[in-house]
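What's in coords_12.csv: CSV, C-alpha atoms and all ligand atoms
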chain,number,residue,atom,x,y,z
J,295,MET,CA,23.2,-29.1,61.8
J,296,ALA,CA,23.4,-31.7,64.5
J,297,ASP,CA,24.2,-30.0,67.9
J,298,LYS,CA,24.3,-32.2,71.0
J,299,ASP,CA,25.8,-29.6,73.5
J,300,GLY,CA,24.7,-26.0,74.0
J,301,ASN,CA,21.6,-26.3,71.8
J,302,ALA,CA,18.8,-23.9,72.9
J,303,LEU,CA,16.0,-26.0,74.4
J,304,ALA,CA,13.0,-26.1,72.2
J,305,LYS,CA,10.1,-25.0,74.3
J,306,GLU,CA,7.9,-22.5,72.4
J,307,TYR,CA,5.3,-24.9,71.2
J,308,GLY,CA,2.4,-22.6,71.9
J,309,LEU,CA,0.4,-25.5,73.3
J,310,ASP,CA,-2.3,-23.2,74.7
J,311,THR,CA,-2.9,-21.4,71.4
J,312,PRO,CA,-5.2,-23.2,68.9
J,313,LYS,CA,-3.8,-23.8,65.5
J,314,GLN,CA,-4.8,-20.9,63.3
J,315,SER,CA,-6.7,-21.7,60.2
J,316,GLN,CA,-4.8,-21.1,57.0
J,317,SER,CA,-5.6,-18.2,54.7
J,318,PHE,CA,-3.9,-19.2,51.4
J,319,HIS,CA,-4.5,-16.6,48.8
J,320,VAL,CA,-6.2,-18.9,46.3
J,321,LYS,CA,-9.9,-19.5,46.9
J,322,GLY,CA,-10.8,-22.9,48.2
J,323,MET,CA,-7.2,-24.2,48.2
J,324,ASP,CA,-6.5,-24.1,52.0
J,325,HIS,CA,-6.3,-27.8,52.2
J,326,VAL,CA,-4.3,-28.9,49.1
J,327,ASP,CA,-0.8,-30.1,49.3
J,328,TRP,CA,2.3,-27.9,49.5
J,329,GLY,CA,3.4,-28.7,45.9
J,330,MET,CA,0.0,-27.8,44.5
J,331,LYS,CA,0.0,-24.6,46.5
J,332,ASP,CA,3.5,-23.8,45.1
J,333,ARG,CA,2.2,-24.2,41.6
J,334,LEU,CA,-1.0,-22.2,42.3
J,335,SER,CA,1.2,-19.4,43.8
J,336,ARG,CA,3.1,-19.3,40.5
J,337,ILE,CA,-0.1,-18.7,38.7
J,338,PHE,CA,-2.0,-16.4,41.1
J,339,ARG,CA,0.1,-13.6,42.5
J,340,PRO,CA,0.2,-13.7,46.2
J,341,SER,CA,0.1,-9.8,46.3
J,342,SER,CA,-3.2,-9.5,44.5
J,343,GLY,CA,-4.5,-13.0,44.6
J,344,ASN,CA,-5.2,-12.6,40.9
J,345,THR,CA,-3.7,-13.7,37.6
J,346,VAL,CA,-3.3,-12.6,34.0
J,347,MET,CA,-3.1,-15.7,31.8
J,348,LEU,CA,-2.3,-15.3,28.2
J,349,ALA,CA,-4.2,-17.9,26.2
J,350,PHE,CA,-2.8,-18.9,22.8
J,351,ASP,CA,-4.1,-22.5,22.5
J,352,HIS,CA,-6.6,-21.6,19.8
J,353,GLY,CA,-4.7,-23.5,17.1
J,354,TYR,CA,-5.6,-26.9,18.6
J,355,ILE,CA,-9.1,-26.5,17.3
J,356,MET,CA,-8.9,-23.6,14.8
J,357,GLY,CA,-5.5,-24.1,13.1
J,358,ALA,CA,-3.5,-20.9,12.4
J,359,THR,CA,-5.6,-18.2,14.0
J,360,ALA,CA,-5.3,-14.5,13.2
J,361,GLY,CA,-2.5,-13.2,15.4
J,362,LEU,CA,-1.1,-16.6,16.0
J,363,GLU,CA,0.3,-17.5,12.6
J,364,ARG,CA,3.9,-17.3,13.9
J,365,LEU,CA,3.9,-18.0,17.7
J,366,ASP,CA,7.6,-17.3,17.9
J,367,LEU,CA,7.0,-13.8,16.5
J,368,SER,CA,3.7,-12.9,18.2
J,369,ILE,CA,3.8,-14.6,21.6
J,370,GLU,CA,7.5,-14.7,22.6
J,371,PRO,CA,7.6,-10.9,23.1
J,372,LEU,CA,4.4,-11.0,25.2
J,373,ALA,CA,5.5,-13.7,27.6
J,374,PRO,CA,7.2,-11.4,30.1
J,375,TYR,CA,3.9,-9.4,30.6
J,376,ALA,CA,1.7,-12.4,31.5
J,377,ASP,CA,1.5,-14.3,34.8
J,378,ALA,CA,1.0,-17.6,33.1
J,379,LEU,CA,0.9,-19.0,29.6
J,380,MET,CA,-1.9,-21.3,28.4
J,381,ALA,CA,-1.0,-23.3,25.4
J,382,THR,CA,-0.5,-26.8,23.9
J,383,ARG,CA,2.6,-28.7,24.4
J,384,GLY,CA,3.3,-28.5,20.7
J,385,ALA,CA,3.3,-24.7,20.8
J,386,MET,CA,5.4,-24.5,24.0
J,387,ARG,CA,8.1,-26.8,22.8
J,388,THR,CA,8.5,-25.4,19.3
J,389,CYS,CA,7.9,-21.7,19.7
J,390,ILE,CA,8.3,-20.5,23.3
J,391,SER,CA,11.6,-20.3,25.1
J,392,PRO,CA,11.7,-21.9,28.6
J,393,HIS,CA,13.9,-19.0,29.8
J,394,HIS,CA,10.8,-17.0,30.5
J,395,ASN,CA,10.1,-19.4,33.4
J,396,LYS,CA,6.4,-18.7,33.3
J,397,PRO,CA,3.9,-21.2,34.7
J,398,VAL,CA,2.4,-23.3,31.9
J,399,ILE,CA,-1.3,-24.0,31.8
J,400,LEU,CA,-1.1,-27.0,29.6
J,401,ARG,CA,-4.0,-27.6,27.2
J,402,ALA,CA,-4.6,-31.3,27.9
J,403,SER,CA,-7.8,-32.0,26.0
J,404,ALA,CA,-7.8,-32.7,22.3
J,405,GLY,CA,-9.8,-34.5,19.6
J,406,SER,CA,-12.0,-32.0,17.8
J,407,THR,CA,-11.8,-29.1,15.4
J,408,VAL,CA,-14.0,-26.3,14.1
J,409,LEU,CA,-14.7,-28.4,11.1
J,410,LYS,CA,-17.1,-30.6,13.1
J,411,ASP,CA,-20.6,-29.4,13.8
J,412,ASP,CA,-20.5,-31.0,17.2
J,413,MET,CA,-17.2,-30.2,18.9
J,414,SER,CA,-18.0,-31.7,22.2
J,415,HIS,CA,-16.2,-35.0,21.8
J,416,GLU,CA,-12.7,-34.7,23.1
J,417,VAL,CA,-10.2,-37.0,24.7
J,418,ILE,CA,-7.4,-36.5,27.2
J,419,GLY,CA,-4.6,-35.5,24.9
J,420,VAL,CA,-1.5,-35.5,27.1
J,421,ASP,CA,0.0,-38.1,29.4
J,422,ILE,CA,0.7,-36.9,33.0
J,423,GLU,CA,4.3,-37.9,32.5
J,424,ASP,CA,4.7,-35.5,29.6
J,425,ALA,CA,2.9,-32.8,31.6
J,426,ILE,CA,5.5,-33.2,34.3
J,427,ARG,CA,8.3,-33.3,31.7
J,428,ILE,CA,7.2,-29.9,30.4
J,429,ASN,CA,6.9,-28.7,34.0
J,430,ALA,CA,3.2,-27.8,33.7
J,431,SER,CA,1.8,-25.8,36.6
J,432,CYS,CA,-1.7,-26.7,35.6
J,433,LEU,CA,-3.6,-28.9,33.2
J,434,ALA,CA,-6.5,-27.5,31.2
J,435,ILE,CA,-9.5,-29.7,30.2
J,436,GLN,CA,-12.5,-28.4,28.2
J,437,VAL,CA,-15.9,-29.6,29.3
J,438,PHE,CA,-19.1,-29.4,27.3
J,439,VAL,CA,-21.9,-29.3,29.9
J,440,GLY,CA,-25.3,-29.9,28.3
J,441,ALA,CA,-23.8,-31.1,24.9
J,442,ASN,CA,-23.7,-34.5,23.4
J,443,GLY,CA,-20.2,-35.0,24.7
J,444,GLU,CA,-21.0,-33.9,28.2
J,445,CYS,CA,-20.3,-37.3,29.8
J,446,SER,CA,-17.1,-38.0,28.0
J,447,SER,CA,-15.8,-34.5,28.6
J,448,LEU,CA,-16.5,-34.7,32.3
J,449,ASN,CA,-14.8,-38.1,32.3
J,450,ASN,CA,-11.7,-36.4,30.7
J,451,LEU,CA,-11.9,-33.8,33.5
J,452,VAL,CA,-12.1,-36.2,36.4
J,453,ARG,CA,-9.4,-38.5,35.0
J,454,THR,CA,-7.1,-35.6,34.6
J,455,ILE,CA,-7.8,-34.3,38.1
J,456,ASP,CA,-7.0,-37.7,39.5
J,457,ALA,CA,-3.7,-37.9,37.5
J,458,GLY,CA,-2.8,-34.3,38.6
J,459,GLU,CA,-3.7,-35.0,42.2
J,460,ARG,CA,-1.2,-37.9,42.3
J,461,VAL,CA,1.7,-35.5,41.4
J,462,GLY,CA,0.4,-32.2,42.8
J,463,ILE,CA,-0.6,-30.5,39.5
J,464,PRO,CA,-3.9,-28.6,39.6
J,465,THR,CA,-6.5,-28.8,36.9
J,466,LEU,CA,-8.3,-25.9,35.2
J,467,GLY,CA,-11.8,-26.8,33.8
J,468,VAL,CA,-12.8,-24.8,30.8
J,469,THR,CA,-16.6,-24.4,30.4
J,470,ALA,CA,-16.8,-24.5,26.6
J,471,VAL,CA,-19.6,-22.8,24.8
J,472,GLY,CA,-18.8,-24.3,21.4
J,473,LYS,CA,-20.3,-22.7,18.4
J,474,GLU,CA,-24.0,-23.0,19.4
J,475,MET,CA,-24.3,-23.4,23.1
J,476,GLU,CA,-26.1,-20.9,25.4
J,477,ARG,CA,-24.3,-18.2,27.3
J,478,THR,CA,-26.8,-17.5,30.1
J,479,THR,CA,-26.1,-16.8,33.7
J,480,ARG,CA,-28.0,-19.9,34.6
J,481,TYR,CA,-25.9,-22.0,32.3
J,482,PHE,CA,-22.6,-20.7,33.5
J,483,MET,CA,-23.7,-21.0,37.2
J,484,LEU,CA,-24.5,-24.6,36.6
J,485,ALA,CA,-21.4,-25.4,34.5
J,486,THR,CA,-18.9,-23.7,36.8
J,487,ARG,CA,-20.3,-25.4,39.9
J,488,VAL,CA,-20.2,-28.8,38.2
J,489,VAL,CA,-16.6,-28.4,37.3
J,490,ALA,CA,-15.6,-27.3,40.8
J,491,GLU,CA,-17.6,-30.1,42.5
J,492,LEU,CA,-15.8,-32.6,40.3
J,493,GLY,CA,-12.5,-31.3,41.8
J,494,ALA,CA,-11.2,-28.7,39.4
J,495,HIS,CA,-8.9,-26.2,41.1
J,496,ILE,CA,-9.6,-23.4,38.7
J,497,VAL,CA,-12.6,-22.7,36.5
J,498,LYS,CA,-12.4,-20.8,33.3
J,499,THR,CA,-15.7,-19.3,32.0
J,500,TYR,CA,-17.2,-16.4,30.2
J,501,TYR,CA,-18.4,-13.1,31.8
J,502,CYS,CA,-22.2,-12.8,32.0
J,503,ASP,CA,-24.9,-10.9,33.8
J,504,ASP,CA,-25.0,-11.4,37.6
J,505,PHE,CA,-21.5,-12.6,37.4
J,506,GLU,CA,-21.1,-12.1,41.2
J,507,LYS,CA,-23.6,-14.9,41.7
J,508,VAL,CA,-21.6,-17.2,39.4
J,509,VAL,CA,-18.5,-16.4,41.4
J,510,ALA,CA,-20.2,-16.8,44.8
J,511,ALA,CA,-21.5,-20.2,43.9
J,512,CYS,CA,-18.2,-21.5,42.7
J,513,PRO,CA,-15.9,-22.6,45.6
J,514,VAL,CA,-12.7,-22.2,43.5
J,515,PRO,CA,-11.2,-19.3,41.6
J,516,ILE,CA,-12.8,-18.3,38.3
J,517,VAL,CA,-10.9,-16.8,35.5
J,518,VAL,CA,-12.7,-15.3,32.5
J,519,ALA,CA,-11.9,-15.8,28.8
J,520,GLY,CA,-11.8,-12.8,26.6
J,521,GLY,CA,-13.8,-14.2,23.7
J,522,LYS,CA,-13.9,-12.6,20.2
J,523,LYS,CA,-11.9,-9.5,19.6
J,524,VAL,CA,-13.7,-6.3,20.6
J,525,GLY,CA,-12.5,-2.8,21.2
J,526,GLU,CA,-9.8,-2.4,23.8
J,527,LEU,CA,-11.9,-0.3,26.2
J,528,GLU,CA,-14.7,-2.8,25.9
J,529,ALA,CA,-12.4,-5.7,26.7
J,530,LEU,CA,-10.9,-3.8,29.7
J,531,THR,CA,-14.4,-3.0,30.9
J,532,MET,CA,-15.3,-6.7,30.8
J,533,ALA,CA,-12.1,-7.6,32.7
J,534,TYR,CA,-12.8,-4.8,35.3
J,535,ARG,CA,-16.4,-6.0,35.8
J,536,ALA,CA,-15.3,-9.6,36.2
J,537,ILE,CA,-12.7,-8.7,38.8
J,538,ASP,CA,-15.1,-6.4,40.6
J,539,SER,CA,-17.6,-9.3,40.7
J,540,GLY,CA,-15.0,-11.5,42.4
J,541,ALA,CA,-13.2,-13.3,39.5
J,542,ALA,CA,-9.6,-14.1,40.2
J,543,GLY,CA,-8.3,-13.0,36.9
J,544,VAL,CA,-8.5,-13.4,33.1
J,545,ASP,CA,-7.4,-16.0,30.6
J,546,MET,CA,-7.4,-13.8,27.5
J,547,GLY,CA,-6.2,-14.5,24.0
J,548,ARG,CA,-7.7,-12.7,21.0
J,549,ASN,CA,-8.2,-9.4,22.8
J,550,VAL,CA,-4.5,-9.4,23.4
J,551,PHE,CA,-2.8,-10.9,20.4
J,552,GLN,CA,-5.2,-9.4,17.9
J,553,SER,CA,-4.8,-5.9,19.4
J,554,ASP,CA,-2.7,-3.5,17.4
J,555,CYS,CA,-0.6,-3.0,20.6
J,556,PRO,CA,-0.6,-6.4,22.4
J,557,ILE,CA,2.0,-5.3,25.0
J,558,GLY,CA,0.0,-2.2,25.8
J,559,MET,CA,-3.1,-4.3,26.1
J,560,LEU,CA,-1.4,-6.7,28.5
J,561,LYS,CA,0.0,-3.8,30.6
J,562,ALA,CA,-3.5,-2.4,30.8
J,563,ILE,CA,-5.1,-5.7,31.7
J,564,ASN,CA,-2.4,-6.2,34.4
J,565,GLY,CA,-3.4,-2.7,35.8
J,566,VAL,CA,-7.0,-3.7,36.0
J,567,VAL,CA,-6.5,-7.2,37.3
J,568,HIS,CA,-3.8,-6.5,39.9
J,569,GLU,CA,-3.9,-2.8,40.7
J,570,LYS,CA,-7.6,-2.1,40.5
J,571,LEU,CA,-7.3,0.4,37.7
J,572,THR,CA,-10.6,1.5,36.2
J,573,PRO,CA,-11.2,0.5,32.6
J,574,GLU,CA,-10.6,4.1,31.6
J,575,GLN,CA,-7.3,4.3,33.4
J,576,GLY,CA,-6.3,1.0,31.8
J,577,TYR,CA,-7.2,2.3,28.4
J,578,ASP,CA,-5.1,5.4,29.0
J,579,LEU,CA,-2.2,3.1,29.7
J,580,TYR,CA,-2.9,1.2,26.5
J,581,LEU,CA,-3.0,4.4,24.5
J,582,THR,CA,0.3,5.6,26.0
J,583,GLU,CA,1.9,2.3,25.0
J,584,GLN,CA,0.4,2.4,21.6
J,585,SER,CA,1.6,6.0,20.9
J,586,GLN,CA,5.1,4.9,21.9
J,587,MET,CA,5.2,2.1,19.3
J,588,ALA,CA,7.8,2.7,16.6
B,1,LIG,C1,-10.6,-22.3,23.9
B,1,LIG,C2,-9.9,-21.6,25.0
B,1,LIG,C3,-9.2,-20.4,24.8
B,1,LIG,O1,-8.0,-20.4,25.5
B,1,LIG,C4,-10.0,-19.2,25.2
B,1,LIG,O2,-11.1,-19.1,24.3
B,1,LIG,C5,-9.3,-17.9,25.5
B,1,LIG,O3,-9.1,-17.2,24.4
B,1,LIG,P1,-10.0,-16.0,24.0
B,1,LIG,O4,-9.7,-14.9,25.1
B,1,LIG,O5,-9.5,-15.6,22.7
B,1,LIG,O6,-11.4,-16.4,24.0
B,1,LIG,O7,-10.0,-22.0,26.2
B,1,LIG,O8,-11.3,-23.3,24.4
Taking this structure as input, can you express it in the form of structure tokens?
Amino acid sequence: MADKDGNALAKEYGLDTPKQSQSFHVKGMDHVDWGMKDRLSRIFRPSSGNTVMLAFDHGYIMGATAGLERLDLSIEPLAPYADALMATRGAMRTCISPHHNKPVILRASAGSTVLKDDMSHEVIGVDIEDAIRINASCLAIQVFVGANGECSSLNNLVRTIDAGERVGIPTLGVTAVGKEMERTTRYFMLATRVVAELGAHIVKTYYCDDFEKVVAACPVPIVVAGGKKVGELEALTMAYRAIDSGAAGVDMGRNVFQSDCPIGMLKAINGVVHEKLTPEQGYDLYLTEQSQMA
């Protein structure tokens, strides 16, 4: 409100105190714009610095996947228990209600399916205007480091980062392993660093030996994929080790929606990722939820 008379004189400029450096809770993101920080804060909880992303974008390469036959039935009830939802625009618009108000990690690469031997040739599958229209908090692009489609997939990544930077939407680079590619520490260390150096704001990768070295060499947050369905305690142990090694969360799909108690599994993962529960404590939580199922 304009106040000409009686306005307290502004004088506390703290001119003799150097400007403090920021300490934004998302790794490497001190110097991004306010809008991007706002979106990152929707994804990564400021209280823990971590995130539990629920990934259900599998249909874009695999068609109807076990547990995802009816997204409206399987994913809708899970949405409240995830920090962010990773999906295609087709899945979001047709099957997920916007009332959950969850940040969307929008799958923005497309162009290949499991029917192809070489799945490394993708394109950018979403215009930035449509990503804005769906209120995406992040764009997800798969990269195939070391594969035939390496160059084109890295091109998809940088084009998307550029488009996102213009409007303040961060990009998540997914280090794909395809059907045949290696899953060594050396590979993930290289692939994650490449993705970060090209400007991705978040990197999704797989847990591996010496994971703390992969995390240390990556200047932006790493989230780990779950991979194929394993036992609940095993999946929670992987999540625990990843967080303990410095990962900033998980981006899990099959180990949640293929569990016989997906809500229990999400609660247990939240405990491990945000509250430092041990895998055993998380598993107890899962078993309690499972026993309470009708
Ligand atoms: C595919 C993906 C999936 O979202 C990812 O694989 C996560 O799902 P899951 O935990 O089932 O592996 O990025 O490229």
Which of J:Lys570, J:Arg401, J:Arg383, J:Lys507 sits closest to ligand LIG 1 (chain B) [using all atoms listed in the file] =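 When distances to ligand LIG 1 (chain B) are compared using all atoms listed in the file, the smallest one comes from J:Arg401.
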Env. residues ligand LIG 1 (chain B) / 7 Å / all atoms listed in the file / as a PyMOL selection string | chain J and resi 349-352+380+436+468+470+519-522+545-549
Would you kindly return, as a list in words, each protein, DNA or RNA residue with an atom no farther than 8 Å from any atom of J:Val320, considering only C-alpha atoms and excluding same-chain residues fewer than 4 positions away?
->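 Skipping anything fewer than 4 positions along the chain leaves Asp324, Leu334, Ser335, Phe338, Gly343, Val514 and Pro515 of chain J.
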Among the residues J:Ala376, J:Ile455, J:Ala358, J:Cys389, the one that comes closest to J:Met559 [using all atoms listed in the file] |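 Closest to J:Met559 of all the choices is J:Ala376.
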Neighbours of J:Ile496 within 9 Å (all atoms listed in the file; same-chain residues fewer than 2 positions away dropped), as a list in words?
-> Pro464, Thr465, Leu466, Gly467, Val468, Val489, Ala490, Gly493, Ala494, Lys498, Val514, Pro515, Ile516 and Val517 of chain J
Dig up all the protein and nucleic acid residues within 10 Å of (9.0, -23.9, 30.2) in the file frame, using all atoms listed in the file, and format them as number ranges by chain.
-> J: 379, 383, 386-387, 390-398, 427-431
Shortest interatomic distance to J:Met413 - which of J:Thr382, J:Thr531, J:Thr454, J:Ser446, counting all atoms listed in the file = J:Ser446
Choose the residue, out of J:Glu506, J:Asp538, J:Asp421, J:Glu370, that has the smallest atom-to-atom separation from J:Pro556; count all atoms listed in the file.
-> J:Glu370
Mind giving me the straight-line distance from atom CA of J:Lys331 to atom CA of J:His319 in Å, one decimal?
->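 Taking atom CA of J:Lys331 and atom CA of J:His319, their separation equals 9.5 Å.
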What is the atom CA of J:Phe438-atom CA of J:Ser414 distance in Å, reported with one decimal?
->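 Taking atom CA of J:Phe438 and atom CA of J:Ser414, their separation equals 5.7 Å.
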Closest of J:Met483, J:Ile563, J:Ala402, J:Cys512 to J:Arg453 - atom-to-atom distances counting all atoms listed in the file |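 Of J:Met483, J:Ile563, J:Ala402, J:Cys512, the one nearest J:Arg453 is J:Ala402, counting all atoms listed in the file.
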